[in-house]
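Asker: Next up is a structure, given as structure tokens.
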Number of protein chains: 2
Amino acid sequence: MKALADILAELSKGGFRITRARRSMIEVLIGSRLPISAEGLLASLIKQKVPANKTTVYRELTFLKERRIVQEIQFLHERVKRYEVVFGSHHHHLICMGCKSVEDVELDGELEKYERDIMKSRGFKVLNHALEFMGLCEACR
Amino acid sequence: MKALADILAELSKGGFRITRARRSMIEVLIGSRLPISAEGLLASLIKQKVPANKTTVYRELTFLKERRIVQEIQFLHERVKRYEVVFGSHHHHLICMGCKSVEDVELDGELEKYERDIMKSRGFKVLNHALEFMGLCEACR
DNA sequence: CATATTAATGCAACTTAGTTGCAATAGCAA
DNA sequence: TTGCTATTGCAACTAAGTTGCATTAATATG
């Protein structure tokens with residue numbers, strides 16, 4: 001995952017402006033241990049006295065998605081979308097149905113075997129996948 | 001997957017009424033090759049001259065979900081929810097990013113290995129999972 | 001068959017999550 | 001310091017789904 005300064009430098013080089021809202025939003029996204037919703041992000045900005053508005057938040061998230069700086073995540077048990085800074089490595093989530101916490105897991109490599117099988121047996125070329133596990137975390141069991 | 005008559009008998013036995021809307025909705029769900037949205041379901045009823053209303057559709061879907069007759073599916077590339085009759089066997093979806101078609105795949109058993117690993121290494125008890133593959137179907141490649 | 005019970009329905013009004021047009025504001029290169 | 005234009009904020013809108021309440025209709029029972 002990239003550091004704040006790198007992201008800002010990259011954007012600046014691209015001719016985009018480093019506004020207070022943009023900087024703070026990226027900071028919050030980097031600092032958030034879990035994927036955060038647009039609403040959560042807005043609340044976080046307001047708490048930090050950064051003037052922001054939901055339109056700005058949504059527009060900035062679209063902007064950051066387009067630049068592959070953040071990625072959008074849809075958990076199946078939720079209706080809202082969440083966002084996280086793009087990681088170097090692809091990963092999945094463990095969602096606790098008790099306390100609603102989310103942990104990351106990495107377990108690729110094996111899934112690619114499935115993807116090759118799907119290609120072979122169906123002629124379907126897999127370009128991406130989404131996998132999440134729902135259950136109970138250590139504390140909630 | 002159960003047949004219409006079985007489902008209706010089950011509901012009737014449970015003290016629920018077999019109304020025109022309920023019968024038609026279950027018929028459409030059974031007949032739909034792919035998971036269908038609430039809106040699609042409503043359109044389908046209206047086309048068949050079955051008087052129905054979106055409130056009824058949503059309430060009936062909730063009812064059928066509670067009874068484990070249908071299951072709700074959230075595709076990551078869509079904002080609407082879709083519904084399908086619960087299958088005997090758990091399966092996943094191949095979503096074509098070209099033509100938006102959806103195919104089913106079964107590839108469990110192996111995923112359970114992951115789930116055991118997650119339990120062992122993290123203490124997280126997996127109760128359910130969701131997996132979908134995005135890519136290009138044979139025709140769209 | 002008649003009819004009472006209450007499950008199911010329809011309407012309208014509401015909520016939540018996100019989007020859009022447009023005028024105002026503010027980064028930043030010069 | 002200033003001009004260009006990227007970014008912002010507001011208010012109004014859309015899409016998807018939900019809720020309260022009065023009405024209708026499926027069905028068990030006499």
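Please note that chains go A, B, ... in the order of the structure tokens, that every chain numbers its residues from 1, and that ligands are numbered from 1 in the order shown.
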As a ChimeraX atom specification, list the residues of chain A assigned to helix (DSSP H, G or I) by DSSP on the backbone atoms of this structure.
Answerer: /A:4-13,20-31,38-47,54-66,110-122
Asker: If the cut-off is 12 Å, can you tell me the residues of chain C near chain A, counting only C-alpha atoms (C1' of nucleotides)? I'd like them as a VMD selection string.
Answerer: chain C and resid 16 to 20 25 to 29
Asker: Identify every residue of chain B that has at least one atom within 6 Å of any atom of chain A, counting only C-alpha atoms, and report the result as a list in words.
Answerer: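 Using only C-alpha atoms, chain B residues at most 6 Å from chain A: Gly123, Phe124, Lys125, Val126, Leu127, Asn128, His129, Ala130, Leu131, Glu132, Phe133, Met134, Gly135, Leu136, Cys137 and Glu138 of chain B.
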Asker: Find the residues in chain D near chain A: any atom within 7 Å counts, using only C-alpha atoms (C1' of nucleotides). Write them as a list of chain:residue names.
Answerer: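 So the residues of chain D near chain A are D:DA6, D:DT8, D:DG9.
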Asker: Could I get the residues of chain C with an atom no further than 12 Å from an atom of segment 12-26 of chain D, each paired with its nearest atom pair and that distance in Å to one decimal, using only C-alpha atoms (C1' of nucleotides), sorted by chain and residue number, as JSON lines?
Answerer:
```
{"residue": "C:DT5", "atom": "C1'", "partner": "D:DA26", "partner_atom": "C1'", "distance": 10.4}
{"residue": "C:DT6", "atom": "C1'", "partner": "D:DA26", "partner_atom": "C1'", "distance": 9.7}
{"residue": "C:DA7", "atom": "C1'", "partner": "D:DA26", "partner_atom": "C1'", "distance": 7.9}
{"residue": "C:DA8", "atom": "C1'", "partner": "D:DA25", "partner_atom": "C1'", "distance": 7.9}
{"residue": "C:DT9", "atom": "C1'", "partner": "D:DT24", "partner_atom": "C1'", "distance": 7.0}
{"residue": "C:DG10", "atom": "C1'", "partner": "D:DT23", "partner_atom": "C1'", "distance": 8.3}
{"residue": "C:DC11", "atom": "C1'", "partner": "D:DA22", "partner_atom": "C1'", "distance": 9.6}
{"residue": "C:DA12", "atom": "C1'", "partner": "D:DG20", "partner_atom": "C1'", "distance": 10.0}
{"residue": "C:DA13", "atom": "C1'", "partner": "D:DT19", "partner_atom": "C1'", "distance": 8.9}
{"residue": "C:DC14", "atom": "C1'", "partner": "D:DT19", "partner_atom": "C1'", "distance": 7.7}
{"residue": "C:DT15", "atom": "C1'", "partner": "D:DT18", "partner_atom": "C1'", "distance": 7.3}
{"residue": "C:DT16", "atom": "C1'", "partner": "D:DG17", "partner_atom": "C1'", "distance": 8.6}
{"residue": "C:DA17", "atom": "C1'", "partner": "D:DA15", "partner_atom": "C1'", "distance": 9.0}
{"residue": "C:DG18", "atom": "C1'", "partner": "D:DT14", "partner_atom": "C1'", "distance": 8.6}
{"residue": "C:DT19", "atom": "C1'", "partner": "D:DT14", "partner_atom": "C1'", "distance": 7.4}
{"residue": "C:DT20", "atom": "C1'", "partner": "D:DC13", "partner_atom": "C1'", "distance": 7.7}
{"residue": "C:DG21", "atom": "C1'", "partner": "D:DA12", "partner_atom": "C1'", "distance": 9.4}
{"residue": "C:DC22", "atom": "C1'", "partner": "D:DA12", "partner_atom": "C1'", "distance": 11.6}
```
